[in-house]
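Here's the structure, in structure tokens; my notes come after.
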Amino acid sequence: MEAGEPHHAACSRRCVLGGGPGTAGRFRDFSSQTVTEWYGPLSPAGRRAAGDLLLLVTELVAHAVRRGGVPYELRLDRSADGVWLQVSDTGAEGPCPAGRHRPGLPSWHCLYLVQRLAEVWGWVPRDRGRTMWCEVRFPRPDTGAARLSEGAAGG
């Protein structure tokens, strides 16, 4: 699967910026607002998934900057299983997988966290740099109460 074209995307949102200070914060705010619009009030598991998504937004932006790129676009795609997150930047190099976690080296946290928190992840080259992408799974809404009330009405 290529970034930018998640399978079965139900909704998509983009935020385009010119980079610079505050990019990670603006991308996080945009992501938080989008998750709220898509999912409404979240269960504890949904809040954990949303927290993971916001952390991954921050880490992918930081990775772009550390690797010499300027992050310029965030795209979120809602699928049946969760949210596909894409951060595009002007960097030319691909990511270096983190391998063993090295807590003393700040630049190693990004891909370690991506590998640990994302269901899948990857990157694709672009005309204007690269796009790193990952998927964060969100729990399905609880439909048990609806089935219970349907059963009581029919019996």
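FYI, nothing fancy with the structure tokens labels: chains A, B, ... in order, residues from 1 per chain, ligands from 1 as they appear.
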For Gly69 of chain A, please output as number ranges by chain all residues within 7 Å (counting only C-alpha atoms; exclusion window: fewer than 2 positions along the same chain).
-> A: 64-65, 67, 71, 89-91
Backbone DSSP call of strand (DSSP E or B) for segment 6-136 of chain A, listed as a ChimeraX atom specification = /A:11-16,71-78,82-89,121-126,129-136
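Here the question is which of A:Ala92, A:Val16, A:Val124, A:Val83 gets nearest to Gly46 of chain A using only C-alpha atoms, and that residue is A:Val83.
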Selected residue, from A:Ser88, A:Arg28, A:Pro125, A:Tyr72, that lies nearest to Gly51 of chain A when counting only C-alpha atoms = A:Arg28
Pick out each residue of segment 31-102 of chain A that DSSP on the backbone tags as alpha helix (DSSP H); I need them as a PyMOL selection string.
-> chain A and resi 31-39+44-66
Expected file contents, prior selection, N, CA and C atoms, as a short mmCIF file (atom, residue, chain, number, x, y, z; two decimals), in the first residue's frame:
```
data_model
loop_
_atom_site.label_atom_id
_atom_site.label_comp_id
_atom_site.auth_asym_id
_atom_site.auth_seq_id
_atom_site.Cartn_x
_atom_site.Cartn_y
_atom_site.Cartn_z
N SER A 31 -4.81 17.08 14.42
CA SER A 31 -5.10 15.66 14.60
C SER A 31 -6.09 15.43 15.73
N SER A 32 -5.92 16.13 16.83
CA SER A 32 -6.83 16.00 17.96
C SER A 32 -8.25 16.41 17.58
N GLN A 33 -8.37 17.52 16.88
CA GLN A 33 -9.69 17.99 16.43
C GLN A 33 -10.32 16.97 15.47
N THR A 34 -9.53 16.43 14.57
CA THR A 34 -10.04 15.46 13.60
C THR A 34 -10.52 14.19 14.29
N VAL A 35 -9.73 13.67 15.24
CA VAL A 35 -10.15 12.46 15.97
C VAL A 35 -11.44 12.72 16.73
N THR A 36 -11.57 13.89 17.33
CA THR A 36 -12.80 14.23 18.06
C THR A 36 -13.99 14.26 17.11
N GLU A 37 -13.82 14.85 15.92
CA GLU A 37 -14.91 14.90 14.95
C GLU A 37 -15.27 13.50 14.44
N TRP A 38 -14.27 12.65 14.23
CA TRP A 38 -14.53 11.33 13.68
C TRP A 38 -15.10 10.35 14.71
N TYR A 39 -14.61 10.41 15.94
CA TYR A 39 -14.95 9.39 16.93
C TYR A 39 -15.82 9.88 18.08
N PRO A 44 -11.77 4.44 27.19
CA PRO A 44 -10.36 4.43 27.62
C PRO A 44 -9.42 3.89 26.55
N ALA A 45 -9.82 2.83 25.85
CA ALA A 45 -8.97 2.29 24.77
C ALA A 45 -8.85 3.29 23.62
N GLY A 46 -9.93 4.00 23.32
CA GLY A 46 -9.90 5.02 22.28
C GLY A 46 -9.01 6.19 22.66
N ARG A 47 -9.01 6.56 23.94
CA ARG A 47 -8.12 7.64 24.41
C ARG A 47 -6.66 7.22 24.29
N ARG A 48 -6.35 5.95 24.57
CA ARG A 48 -4.98 5.47 24.40
C ARG A 48 -4.56 5.54 22.93
N ALA A 49 -5.46 5.12 22.03
CA ALA A 49 -5.15 5.17 20.60
C ALA A 49 -4.94 6.61 20.15
N ALA A 50 -5.80 7.53 20.62
CA ALA A 50 -5.65 8.95 20.27
C ALA A 50 -4.33 9.50 20.80
N GLY A 51 -3.96 9.12 22.02
CA GLY A 51 -2.67 9.55 22.57
C GLY A 51 -1.51 9.03 21.76
N ASP A 52 -1.60 7.77 21.33
CA ASP A 52 -0.55 7.20 20.48
C ASP A 52 -0.45 7.98 19.16
N LEU A 53 -1.59 8.29 18.57
CA LEU A 53 -1.61 9.04 17.31
C LEU A 53 -0.93 10.40 17.48
N LEU A 54 -1.26 11.12 18.54
CA LEU A 54 -0.67 12.45 18.76
C LEU A 54 0.83 12.35 19.00
N LEU A 55 1.26 11.32 19.74
CA LEU A 55 2.70 11.12 19.95
C LEU A 55 3.39 10.81 18.64
N LEU A 56 2.78 9.99 17.79
CA LEU A 56 3.39 9.66 16.51
C LEU A 56 3.45 10.86 15.57
N VAL A 57 2.45 11.74 15.61
CA VAL A 57 2.52 12.99 14.84
C VAL A 57 3.77 13.76 15.24
N THR A 58 3.95 13.94 16.55
CA THR A 58 5.11 14.68 17.06
C THR A 58 6.41 14.02 16.63
N GLU A 59 6.49 12.72 16.77
CA GLU A 59 7.73 12.01 16.46
C GLU A 59 8.06 12.04 14.97
N LEU A 60 7.06 11.91 14.11
CA LEU A 60 7.34 11.96 12.67
C LEU A 60 7.78 13.35 12.24
N VAL A 61 7.20 14.39 12.82
CA VAL A 61 7.65 15.75 12.52
C VAL A 61 9.09 15.94 13.02
N ALA A 62 9.37 15.48 14.24
CA ALA A 62 10.73 15.60 14.78
C ALA A 62 11.73 14.82 13.94
N HIS A 63 11.34 13.64 13.49
CA HIS A 63 12.23 12.84 12.64
C HIS A 63 12.55 13.59 11.35
N ALA A 64 11.54 14.21 10.75
CA ALA A 64 11.77 14.96 9.51
C ALA A 64 12.78 16.07 9.75
N VAL A 65 12.62 16.81 10.82
CA VAL A 65 13.52 17.93 11.11
C VAL A 65 14.93 17.41 11.40
N ARG A 66 15.04 16.34 12.21
CA ARG A 66 16.37 15.81 12.54
C ARG A 66 17.10 15.29 11.32
#
```
Nearest to Pro21 of chain A by atom-to-atom distance, counting only C-alpha atoms, from A:Thr131, A:Asp81, A:Val70, A:Trp121 = A:Val70
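Atom CA of Gly19 of chain A to atom CA of Pro95 of chain A spans 19.1 Å [interatomic distance, one decimal].
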